[in-house]
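**Q** To be precise about what I am sending: the file is called entry-v2.csv and holds CSV, C-alpha atoms.
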chain,number,residue,atom,x,y,z
A,220,MET,CA,141.6,354.2,222.8
A,221,LEU,CA,138.5,352.6,221.4
A,222,ARG,CA,137.7,348.9,222.0
A,223,HIS,CA,135.3,346.7,220.1
A,224,ALA,CA,134.9,343.1,221.4
A,225,ILE,CA,132.2,340.4,220.5
A,226,ALA,CA,132.0,337.5,222.9
A,227,PRO,CA,132.3,334.2,221.0
A,228,SER,CA,129.4,331.8,221.4
A,229,ALA,CA,131.5,328.6,220.7
A,230,ARG,CA,135.1,327.4,220.4
A,231,TYR,CA,136.6,329.8,222.9
A,232,THR,CA,138.8,329.5,226.0
A,233,LYS,CA,138.3,331.4,229.2
A,234,ALA,CA,141.5,333.2,230.1
A,235,SER,CA,142.3,334.6,233.5
A,236,ASN,CA,143.1,338.2,233.7
A,237,ASP,CA,146.0,337.2,236.0
A,238,VAL,CA,147.7,335.6,233.0
A,239,ILE,CA,146.9,338.3,230.4
A,240,ARG,CA,148.1,341.1,232.7
A,241,HIS,CA,150.9,339.3,234.3
A,242,PRO,CA,154.0,341.6,234.3
A,243,ARG,CA,156.6,338.8,234.7
A,244,LEU,CA,155.4,336.7,231.7
A,245,ASN,CA,156.4,337.6,228.2
A,246,SER,CA,154.1,337.2,225.2
A,247,ASP,CA,155.5,333.7,224.4
A,248,ALA,CA,154.8,332.4,227.9
A,249,LYS,CA,151.2,333.8,227.9
A,250,LEU,CA,150.4,332.4,224.4
A,251,LEU,CA,151.9,329.0,225.3
A,252,LEU,CA,149.8,328.9,228.5
A,253,LEU,CA,146.6,329.9,226.7
A,254,TYR,CA,147.4,327.4,223.9
A,255,VAL,CA,147.7,324.5,226.4
A,256,GLN,CA,144.4,325.5,228.0
A,257,SER,CA,142.6,325.4,224.6
A,258,LEU,CA,143.7,321.8,223.8
A,259,PRO,CA,141.4,318.8,224.2
A,260,ASP,CA,142.0,316.3,226.9
A,261,ASN,CA,143.4,313.7,224.5
A,262,THR,CA,146.6,315.8,223.9
A,263,THR,CA,147.7,316.1,227.5
A,264,PHE,CA,150.3,313.4,227.0
A,265,ARG,CA,152.4,315.5,224.7
A,266,PRO,CA,155.4,317.3,226.2
A,267,LEU,CA,155.3,321.1,226.5
A,268,SER,CA,158.3,321.5,224.1
A,269,GLU,CA,156.4,319.7,221.3
A,270,LEU,CA,153.3,321.9,221.8
A,271,ALA,CA,155.6,325.0,221.7
A,272,GLN,CA,157.1,324.0,218.4
A,273,LYS,CA,153.7,323.8,216.8
A,274,MET,CA,153.3,327.5,217.8
A,275,GLY,CA,156.8,328.4,216.4
A,276,ILE,CA,158.3,328.9,219.9
A,277,LYS,CA,161.7,327.1,219.7
A,278,GLY,CA,165.2,327.2,221.1
A,279,ARG,CA,166.1,330.1,223.5
A,280,ALA,CA,162.6,331.6,223.3
A,281,TYR,CA,161.0,328.4,224.5
A,282,GLN,CA,163.5,328.0,227.3
A,283,LYS,CA,162.9,331.6,228.5
A,284,ALA,CA,159.1,331.2,228.4
A,285,LYS,CA,159.2,327.9,230.2
A,286,GLN,CA,161.5,329.4,232.9
A,287,GLN,CA,159.0,332.2,233.5
A,288,LEU,CA,156.1,329.8,233.8
A,289,VAL,CA,158.0,327.6,236.3
A,290,GLU,CA,159.2,330.6,238.4
A,291,ASN,CA,155.6,332.0,238.6
A,292,GLY,CA,154.0,328.6,239.5
A,293,TYR,CA,152.2,327.9,236.2
A,294,VAL,CA,154.4,324.9,235.3
A,295,HIS,CA,155.7,322.1,237.6
A,296,GLU,CA,158.0,319.2,236.7
A,297,TRP,CA,159.0,316.0,238.3
A,298,ARG,CA,161.8,313.7,237.1
A,299,SER,CA,161.9,310.1,238.1
A,300,GLN,CA,163.7,306.9,237.1
A,301,ASN,CA,161.7,303.8,236.3
A,302,ASP,CA,162.8,300.2,236.9
A,303,GLY,CA,164.7,300.0,233.6
A,304,GLY,CA,166.8,303.0,234.5
A,305,ARG,CA,165.1,305.3,232.1
A,306,TRP,CA,164.4,308.9,233.2
A,307,ILE,CA,160.8,310.2,232.9
A,308,THR,CA,159.7,313.8,233.1
A,309,GLU,CA,156.1,314.6,234.3
A,310,GLN,CA,154.7,318.1,233.7
A,311,LEU,CA,151.8,319.9,235.2
A,312,VAL,CA,150.4,323.1,233.5
A,313,ALA,CA,147.9,325.1,235.5
A,314,ASN,CA,145.9,328.2,234.6
A,315,ASN,CA,146.5,329.7,238.0
A,316,PRO,CA,149.7,329.8,240.0
A,317,LEU,CA,150.2,326.8,242.3
A,318,THR,CA,152.6,326.2,245.1
A,319,ARG,CA,154.8,323.1,245.1
A,320,ASP,CA,152.6,321.5,247.7
A,321,HIS,CA,149.4,322.1,245.8
A,322,ALA,CA,151.0,320.7,242.6
A,323,CYS,CA,152.2,317.6,244.4
A,324,ARG,CA,148.7,317.0,245.8
A,325,LEU,CA,147.1,317.3,242.4
A,326,ARG,CA,149.7,314.9,240.9
A,327,GLU,CA,149.0,312.3,243.6
A,328,GLY,CA,145.3,312.7,243.4
A,329,THR,CA,144.8,313.9,247.0
A,330,PRO,CA,142.4,316.8,247.8
A,331,PRO,CA,144.4,320.0,247.5
A,332,LEU,CA,144.5,322.6,250.3
A,333,PRO,CA,142.6,325.9,249.6
A,334,LEU,CA,144.7,328.4,247.8
A,335,PRO,CA,145.7,331.5,249.8
A,336,ALA,CA,143.4,334.5,249.3
A,337,PRO,CA,144.9,337.1,246.9
A,338,ARG,CA,146.0,340.3,248.4
A,339,PRO,CA,146.0,343.6,246.5
A,340,PRO,CA,149.5,345.0,245.9
A,341,SER,CA,150.7,347.7,248.2
A,342,THR,CA,150.9,351.2,246.8
A,343,HIS,CA,153.7,352.2,249.3
A,344,SER,CA,157.1,352.2,247.8
A,345,PRO,CA,159.6,350.7,250.2
A,346,THR,CA,162.9,352.4,250.8
A,347,VAL,CA,165.8,351.1,248.7
A,348,GLY,CA,167.8,348.6,250.7
A,349,ALA,CA,165.3,348.2,253.5
A,350,PRO,CA,164.9,344.6,254.7
A,351,ALA,CA,161.8,342.8,253.6
A,352,PRO,CA,160.5,339.4,254.6
A,353,ARG,CA,161.1,336.7,252.1
A,354,THR,CA,158.0,335.0,250.7
A,355,ALA,CA,158.2,331.2,250.6
A,356,GLY,CA,155.8,328.6,249.5
A,357,GLY,CA,153.2,330.6,247.5
A,358,TYR,CA,152.9,332.9,244.5
A,359,GLU,CA,151.2,336.2,245.3
A,360,PRO,CA,149.4,338.1,242.5
A,361,VAL,CA,150.8,341.5,241.7
A,362,GLU,CA,147.6,343.3,240.7
A,363,ASP,CA,144.1,343.8,242.0
A,364,HIS,CA,141.9,341.0,240.5
A,365,SER,CA,138.5,341.9,241.9
A,366,ASP,CA,137.0,341.8,238.4
A,367,LYS,CA,138.6,338.6,237.2
A,368,THR,CA,136.6,335.6,235.9
A,369,THR,CA,137.8,332.1,236.4
A,370,PRO,CA,136.6,329.0,234.3
A,371,HIS,CA,136.4,326.9,237.4
A,372,PRO,CA,135.2,327.9,240.9
A,373,PRO,CA,137.8,327.6,243.7
A,374,SER,CA,137.9,324.3,245.5
A,375,LYS,CA,135.9,324.3,248.6
A,376,ALA,CA,137.8,323.8,251.9
A,377,PRO,CA,136.9,320.4,253.5
A,378,GLU,CA,134.7,320.4,256.5
A,379,PRO,CA,136.2,319.5,259.9
A,380,SER,CA,134.1,316.2,259.8
A,381,GLU,CA,135.7,315.2,256.5
A,382,LEU,CA,139.2,315.6,257.7
A,383,PRO,CA,141.0,312.3,258.6
A,384,GLU,CA,141.7,311.3,262.1
A,385,PRO,CA,145.1,312.3,263.5
A,386,SER,CA,146.2,308.7,263.5
A,387,GLU,CA,145.4,308.4,259.8
A,388,ARG,CA,147.3,311.5,258.8
A,389,SER,CA,150.8,311.1,257.4
A,390,GLU,CA,153.4,312.0,259.9
A,391,ALA,CA,156.0,314.5,258.9
A,392,PRO,CA,159.5,313.1,259.0
A,393,GLU,CA,161.8,314.2,261.7
A,394,PRO,CA,164.4,316.8,260.9
A,395,SER,CA,167.1,314.1,261.2
A,396,GLU,CA,165.3,311.9,258.7
A,397,VAL,CA,165.0,314.8,256.2
A,398,SER,CA,168.6,315.6,256.5
A,399,GLU,CA,169.5,312.0,255.9
A,400,LEU,CA,167.3,311.9,252.8
A,401,SER,CA,168.5,315.2,251.4
A,402,GLU,CA,172.2,314.9,252.0
A,403,PRO,CA,174.5,311.9,251.4
A,404,ARG,CA,176.2,310.4,254.4
A,405,ARG,CA,179.8,311.6,254.8
A,406,PRO,CA,182.5,310.2,257.1
A,407,ALA,CA,183.4,312.3,260.0
A,408,SER,CA,187.1,312.1,259.8
A,409,THR,CA,189.1,314.7,257.9
A,410,ALA,CA,191.0,312.1,255.9
A,411,ASP,CA,187.7,310.6,254.6
A,412,ALA,CA,186.3,314.0,253.8
A,413,ALA,CA,189.4,314.8,251.7
A,414,GLN,CA,189.0,311.5,249.8
A,415,LEU,CA,185.4,312.3,249.2
A,416,ALA,CA,186.3,315.7,247.8
A,417,ARG,CA,188.8,314.0,245.4
A,418,ALA,CA,186.2,311.5,244.3
A,419,GLU,CA,183.6,314.2,243.7
A,420,ARG,CA,186.1,316.2,241.7
A,421,VAL,CA,186.8,313.2,239.4
A,422,LEU,CA,183.1,312.5,238.9
A,423,LEU,CA,182.3,316.1,238.0
A,424,SER,CA,185.2,316.3,235.6
A,425,LEU,CA,183.8,313.4,233.4
A,426,ARG,CA,181.4,315.8,231.6
A,427,HIS,CA,184.4,317.5,230.0
A,428,SER,CA,185.3,314.2,228.2
A,429,ARG,CA,181.8,312.8,227.6
A,430,ARG,CA,178.8,315.2,227.7
A,431,GLU,CA,176.4,312.3,228.4
A,432,LEU,CA,178.1,311.7,231.8
A,433,HIS,CA,177.1,315.2,233.1
A,434,LEU,CA,176.4,315.0,236.8
A,435,GLY,CA,174.9,317.5,239.2
A,436,VAL,CA,176.6,318.4,242.5
A,437,ARG,CA,174.1,316.3,244.6
A,438,GLU,CA,174.4,313.3,242.2
A,439,ALA,CA,178.2,313.4,242.4
A,440,ALA,CA,178.1,313.6,246.2
A,441,LYS,CA,176.0,310.4,246.3
A,442,LEU,CA,178.3,308.5,243.9
A,443,ALA,CA,181.4,309.7,245.7
A,444,VAL,CA,180.7,307.3,248.5
A,445,GLU,CA,181.3,304.4,246.0
A,446,ALA,CA,184.1,306.1,244.1
A,447,VAL,CA,186.1,306.7,247.3
A,448,LYS,CA,186.5,303.0,247.7
A,449,TRP,CA,188.8,303.1,244.6
A,450,LEU,CA,191.0,305.7,246.1
A,451,GLU,CA,191.2,303.9,249.4
A,452,ARG,CA,192.6,300.8,247.5
A,453,GLY,CA,195.5,302.8,246.2
A,454,LEU,CA,194.3,303.9,242.8
A,455,SER,CA,195.0,307.5,241.6
A,456,GLU,CA,192.5,310.0,240.3
A,457,SER,CA,193.7,309.4,236.8
A,458,ASP,CA,193.2,305.6,237.1
A,459,LEU,CA,189.6,306.2,238.4
A,460,ARG,CA,188.8,308.6,235.6
A,461,HIS,CA,190.2,306.2,233.0
A,462,ALA,CA,188.2,303.3,234.3
A,463,LEU,CA,184.9,305.3,234.2
A,464,LEU,CA,185.5,306.6,230.6
A,465,ALA,CA,186.9,303.4,229.0
A,466,GLU,CA,184.8,300.9,227.0
A,467,ARG,CA,182.0,303.3,225.8
A,468,PRO,CA,178.7,301.4,225.3
A,469,ALA,CA,177.6,301.2,221.7
A,470,GLU,CA,174.0,302.1,222.5
A,471,GLY,CA,175.1,305.2,224.5
A,472,VAL,CA,174.4,306.1,228.1
A,473,ARG,CA,170.7,306.7,229.0
A,474,SER,CA,171.3,307.5,232.7
A,475,ALA,CA,174.7,308.9,233.8
A,476,VAL,CA,174.0,308.1,237.5
A,477,GLY,CA,172.9,304.5,236.8
A,478,PHE,CA,175.8,303.9,234.4
A,479,LEU,CA,178.5,305.2,236.8
A,480,ARG,CA,177.0,303.4,239.8
A,481,TYR,CA,177.0,300.1,237.9
A,482,ARG,CA,180.6,300.6,236.7
A,483,LEU,CA,181.9,301.7,240.1
A,484,ALA,CA,180.5,298.5,241.7
A,485,GLN,CA,181.4,296.0,238.9
A,486,LYS,CA,184.9,297.2,238.1
A,487,LEU,CA,186.0,297.8,241.7
A,488,PRO,CA,189.6,296.4,241.9
A,489,GLU,CA,190.8,293.9,244.5
A,490,PRO,CA,192.3,295.4,247.7
A,491,ARG,CA,196.0,295.5,247.7
A,492,MET,CA,197.7,292.9,249.9
A,493,PRO,CA,200.0,294.3,252.6
A,494,ILE,CA,203.7,294.1,251.8
A,495,GLU,CA,205.5,291.7,254.1
A,496,SER,CA,208.4,293.3,255.9
A,497,TYR,CA,211.8,291.9,254.8
A,498,GLU,CA,214.5,291.6,257.4
A,499,PRO,CA,218.0,291.1,255.9
A,500,ALA,CA,220.1,288.3,257.3
A,501,ARG,CA,222.7,289.3,259.9
A,502,PRO,CA,226.3,289.0,258.6
A,503,ARG,CA,228.5,286.2,260.2
A,504,ASP,CA,231.0,287.0,262.8
A,505,LEU,CA,234.7,287.4,262.1
A,506,ILE,CA,236.8,284.2,262.6
A,507,GLU,CA,240.5,283.5,262.4
A,508,CYS,CA,242.0,282.0,259.2
A,509,GLN,CA,243.4,278.5,259.7
A,510,ALA,CA,245.9,278.7,256.8
A,511,PRO,CA,249.6,278.8,257.6
A,512,GLY,CA,251.3,282.2,257.7
A,513,LYS,CA,250.5,285.4,259.5
A,514,LYS,CA,247.4,285.2,261.6
A,515,HIS,CA,244.4,287.3,260.4
A,516,THR,CA,240.6,287.2,260.5
A,517,PHE,CA,238.0,287.1,257.8
A,518,ARG,CA,234.2,287.0,257.5
A,519,PRO,CA,233.1,283.6,256.1
A,520,LEU,CA,230.2,283.2,253.7
A,521,LEU,CA,229.4,279.5,254.5
A,522,ASP,CA,231.4,277.1,256.7
A,523,GLU,CA,234.9,277.7,255.2
A,524,THR,CA,237.9,278.0,257.7
A,525,GLU,CA,240.3,279.7,255.3
A,526,CYS,CA,240.0,283.1,253.7
A,527,THR,CA,239.7,283.4,249.9
A,528,PRO,CA,243.2,284.8,249.3
A,529,CYS,CA,244.8,281.9,251.2
A,530,ARG,CA,242.8,279.3,249.4
A,531,LEU,CA,243.8,280.8,246.0
A,532,ALA,CA,247.5,280.8,247.0
A,533,ALA,CA,247.4,277.2,248.1
A,534,ALA,CA,245.8,276.1,244.8
A,535,ASN,CA,248.4,278.0,242.7
A,536,ALA,CA,251.3,276.4,244.7
A,537,MET,CA,249.9,272.9,244.2
A,538,TYR,CA,249.6,273.4,240.4
A,539,SER,CA,253.2,274.8,240.2
A,540,GLU,CA,254.7,271.9,242.1
A,541,ALA,CA,253.2,269.1,239.8
A,542,PRO,CA,255.9,267.6,237.3
A,543,SER,CA,255.3,268.5,233.7
A,544,PRO,CA,255.7,265.6,231.1
A,545,GLU,CA,258.8,265.7,229.0
A,546,PRO,CA,258.1,266.5,225.4
A,547,ASP,CA,258.8,263.7,222.9
A,548,HIS,CA,261.3,264.8,220.2
A,549,LEU,CA,261.1,261.7,218.0
A,550,PRO,CA,260.8,262.3,214.3
A,551,TRP,CA,257.4,262.0,212.8
A,552,ARG,CA,258.2,258.7,211.1
A,553,GLU,CA,259.2,257.0,214.3
A,554,ARG,CA,256.3,258.5,216.1
A,555,PHE,CA,253.9,257.2,213.4
A,556,ALA,CA,255.6,253.7,213.5
A,557,ARG,CA,255.3,253.6,217.3
A,558,ILE,CA,251.7,254.3,217.0
A,559,ASN,CA,251.2,251.5,214.4
A,560,ALA,CA,253.6,249.2,216.1
A,561,THR,CA,255.5,248.4,212.9
A,562,PRO,CA,259.2,248.8,212.3
A,563,THR,CA,260.3,251.5,210.0
A,564,ALA,CA,263.5,251.9,207.9
A,565,LEU,CA,265.2,255.1,207.5
A,566,PRO,CA,266.2,256.3,204.0
A,567,GLY,CA,269.5,254.6,202.8
A,568,GLU,CA,269.0,251.5,205.1
A,569,ALA,CA,267.0,249.5,202.7
How does this structure look as structure tokens?

**A**
Amino acid sequence: MLRHAIAPSARYTKASNDVIRHPRLNSDAKLLLLYVQSLPDNTTFRPLSELAQKMGIKGRAYQKAKQQLVENGYVHEWRSQNDGGRWITEQLVANNPLTRDHACRLREGTPPLPLPAPRPPSTHSPTVGAPAPRTAGGYEPVEDHSDKTTPHPPSKAPEPSELPEPSERSEAPEPSEVSELSEPRRPASTADAAQLARAERVLLSLRHSRRELHLGVREAAKLAVEAVKWLERGLSESDLRHALLAERPAEGVRSAVGFLRYRLAQKLPEPRMPIESYEPARPRDLIECQAPGKKHTFRPLLDETECTPCRLAAANAMYSEAPSPEPDHLPWRERFARINATPTALPGEA
């Protein structure tokens, strides 16, 4: 192979051999990284996706290139929520692989720690299936870079006199504090754990009805602490899901976590009042009926002294013994004259 190269005298970008020869970066990822390095400083506010579109890298190709850059330490992202509830994504693109700690220090403006010295790759092929230590924290180069050229010299390690005093250094959080920050608090009882699992299942199922309410597992675990209050007040999972999906905002949902946290707190129903126990009245005792005849007992409703059959028989006997008025068989003329108190004459008597 013949090679002819003329070094440009102006309008050029120094590219690291680590990027050009990187075996785990495809052509789109390498071109995107070199394109970002060639931009002036006034274009750094644009997102990486917009710059990729100008190069014609879109859709799945962009997602794959970005994933490779993130996995190999060339791109770092931070997502945060401002005071208005809007999510903001910050991106850092580096021309050399950075660990997460180095990237955070560059973002915060603190002096970064010196990068680990590159090690040449081993020529020994390990046995298939043999255990190997897992590398954590840094990104190791895969080739010998003794002939590489970098646009910027490596940062010099601070002198011991420049290091802050032990009292001024930030203290690392205790393991208990880290666990409290990373995982939501969960009740210790089995009943509460079961309720939390039900609440998480409802929150994670909301994305099937409305895609804008898509939650991660950690986000759903934090919101389940508020959602379990609904289940403890007697509502079913269907009622909770209906309350969270009803009344869709006209302007849409900008933050699924903020929207659901607000709705869980504002629409929390009142606690159910305990149902008072009802004790039925005891039936009255049996008493002896005071009516004449054969002696027997009955259970009174109020203060009566005779049973219902005896009282009905006495009322029927009283009605049958009353004299009935004799019917008046007078002719209608005499009856009419008696009413008008005037004498009447029968026909033929006039």

**Q** In Å, rounded to a single decimal, give me how far CA of Gln282 (chain A) is from CA of Gly477 (chain A).

**A** 27.0 Å

**Q** Can you tell me which residues surround region 442-446 of chain A at a distance of at most 12 Å, considering only C-alpha atoms, apart from same-chain residues fewer than 4 positions away, and format the answer as a PDB file with C-alpha atoms, in the coordinates of the input?

**A**
ATOM      1  CA  GLU A 402     172.200 314.900 252.000  1.00  0.00           C
ATOM      2  CA  PRO A 403     174.500 311.900 251.400  1.00  0.00           C
ATOM      3  CA  ARG A 404     176.200 310.400 254.400  1.00  0.00           C
ATOM      4  CA  ARG A 405     179.800 311.600 254.800  1.00  0.00           C
ATOM      5  CA  PRO A 406     182.500 310.200 257.100  1.00  0.00           C
ATOM      6  CA  ASP A 411     187.700 310.600 254.600  1.00  0.00           C
ATOM      7  CA  ALA A 412     186.300 314.000 253.800  1.00  0.00           C
ATOM      8  CA  ALA A 413     189.400 314.800 251.700  1.00  0.00           C
ATOM      9  CA  GLN A 414     189.000 311.500 249.800  1.00  0.00           C
ATOM     10  CA  LEU A 415     185.400 312.300 249.200  1.00  0.00           C
ATOM     11  CA  ALA A 416     186.300 315.700 247.800  1.00  0.00           C
ATOM     12  CA  ARG A 417     188.800 314.000 245.400  1.00  0.00           C
ATOM     13  CA  ALA A 418     186.200 311.500 244.300  1.00  0.00           C
ATOM     14  CA  GLU A 419     183.600 314.200 243.700  1.00  0.00           C
ATOM     15  CA  ARG A 420     186.100 316.200 241.700  1.00  0.00           C
ATOM     16  CA  VAL A 421     186.800 313.200 239.400  1.00  0.00           C
ATOM     17  CA  LEU A 422     183.100 312.500 238.900  1.00  0.00           C
ATOM     18  CA  LEU A 423     182.300 316.100 238.000  1.00  0.00           C
ATOM     19  CA  LEU A 434     176.400 315.000 236.800  1.00  0.00           C
ATOM     20  CA  GLY A 435     174.900 317.500 239.200  1.00  0.00           C
ATOM     21  CA  VAL A 436     176.600 318.400 242.500  1.00  0.00           C
ATOM     22  CA  ARG A 437     174.100 316.300 244.600  1.00  0.00           C
ATOM     23  CA  GLU A 438     174.400 313.300 242.200  1.00  0.00           C
ATOM     24  CA  LEU A 450     191.000 305.700 246.100  1.00  0.00           C
ATOM     25  CA  GLU A 451     191.200 303.900 249.400  1.00  0.00           C
ATOM     26  CA  ARG A 452     192.600 300.800 247.500  1.00  0.00           C
ATOM     27  CA  LEU A 454     194.300 303.900 242.800  1.00  0.00           C
ATOM     28  CA  SER A 455     195.000 307.500 241.600  1.00  0.00           C
ATOM     29  CA  GLU A 456     192.500 310.000 240.300  1.00  0.00           C
ATOM     30  CA  ASP A 458     193.200 305.600 237.100  1.00  0.00           C
ATOM     31  CA  LEU A 459     189.600 306.200 238.400  1.00  0.00           C
ATOM     32  CA  ARG A 460     188.800 308.600 235.600  1.00  0.00           C
ATOM     33  CA  ALA A 462     188.200 303.300 234.300  1.00  0.00           C
ATOM     34  CA  LEU A 463     184.900 305.300 234.200  1.00  0.00           C
ATOM     35  CA  ALA A 475     174.700 308.900 233.800  1.00  0.00           C
ATOM     36  CA  VAL A 476     174.000 308.100 237.500  1.00  0.00           C
ATOM     37  CA  GLY A 477     172.900 304.500 236.800  1.00  0.00           C
ATOM     38  CA  PHE A 478     175.800 303.900 234.400  1.00  0.00           C
ATOM     39  CA  LEU A 479     178.500 305.200 236.800  1.00  0.00           C
ATOM     40  CA  ARG A 480     177.000 303.400 239.800  1.00  0.00           C
ATOM     41  CA  TYR A 481     177.000 300.100 237.900  1.00  0.00           C
ATOM     42  CA  ARG A 482     180.600 300.600 236.700  1.00  0.00           C
ATOM     43  CA  LEU A 483     181.900 301.700 240.100  1.00  0.00           C
ATOM     44  CA  ALA A 484     180.500 298.500 241.700  1.00  0.00           C
ATOM     45  CA  GLN A 485     181.400 296.000 238.900  1.00  0.00           C
ATOM     46  CA  LYS A 486     184.900 297.200 238.100  1.00  0.00           C
ATOM     47  CA  LEU A 487     186.000 297.800 241.700  1.00  0.00           C
ATOM     48  CA  PRO A 488     189.600 296.400 241.900  1.00  0.00           C
TER      49      PRO A 488
END

**Q** How far is it from CA of Leu267 (chain A) to CA of His295 (chain A), in Å with one decimal?

**A** 11.2 Å

**Q** So which one's closest to Leu464 (chain A), A:Met492, A:Leu425, A:Val447, A:Ala439? Using only C-alpha atoms, please.

**A**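 Once distances to Leu464 (chain A) are computed over only C-alpha atoms, the minimum belongs to A:Leu425.
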
**Q** Which distance in Å separates CA of Ser257 (chain A) and CA of Arg279 (chain A), to one decimal?

**A**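 Spanning CA of Ser257 (chain A) to CA of Arg279 (chain A) is a straight-line distance of 24.0 Å.
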
**Q** Neighbouring residues of Gln256 (chain A) were defined as those with any atom within 12 Å, considering all atoms listed in the file; residues of the same chain fewer than 6 positions away were excluded. Please report them as a short mmCIF file (atom, residue, chain, number, x, y, z; two decimals) with C-alpha atoms, in the frame of the given file.

**A**
data_model
loop_
_atom_site.label_atom_id
_atom_site.label_comp_id
_atom_site.auth_asym_id
_atom_site.auth_seq_id
_atom_site.Cartn_x
_atom_site.Cartn_y
_atom_site.Cartn_z
CA TYR A 231 136.60 329.80 222.90
CA THR A 232 138.80 329.50 226.00
CA LYS A 233 138.30 331.40 229.20
CA ALA A 234 141.50 333.20 230.10
CA SER A 235 142.30 334.60 233.50
CA VAL A 238 147.70 335.60 233.00
CA LYS A 249 151.20 333.80 227.90
CA LEU A 250 150.40 332.40 224.40
CA THR A 262 146.60 315.80 223.90
CA THR A 263 147.70 316.10 227.50
CA LEU A 267 155.30 321.10 226.50
CA LEU A 270 153.30 321.90 221.80
CA TYR A 293 152.20 327.90 236.20
CA LEU A 311 151.80 319.90 235.20
CA VAL A 312 150.40 323.10 233.50
CA ALA A 313 147.90 325.10 235.50
CA ASN A 314 145.90 328.20 234.60
CA ASN A 315 146.50 329.70 238.00
CA PRO A 370 136.60 329.00 234.30
#
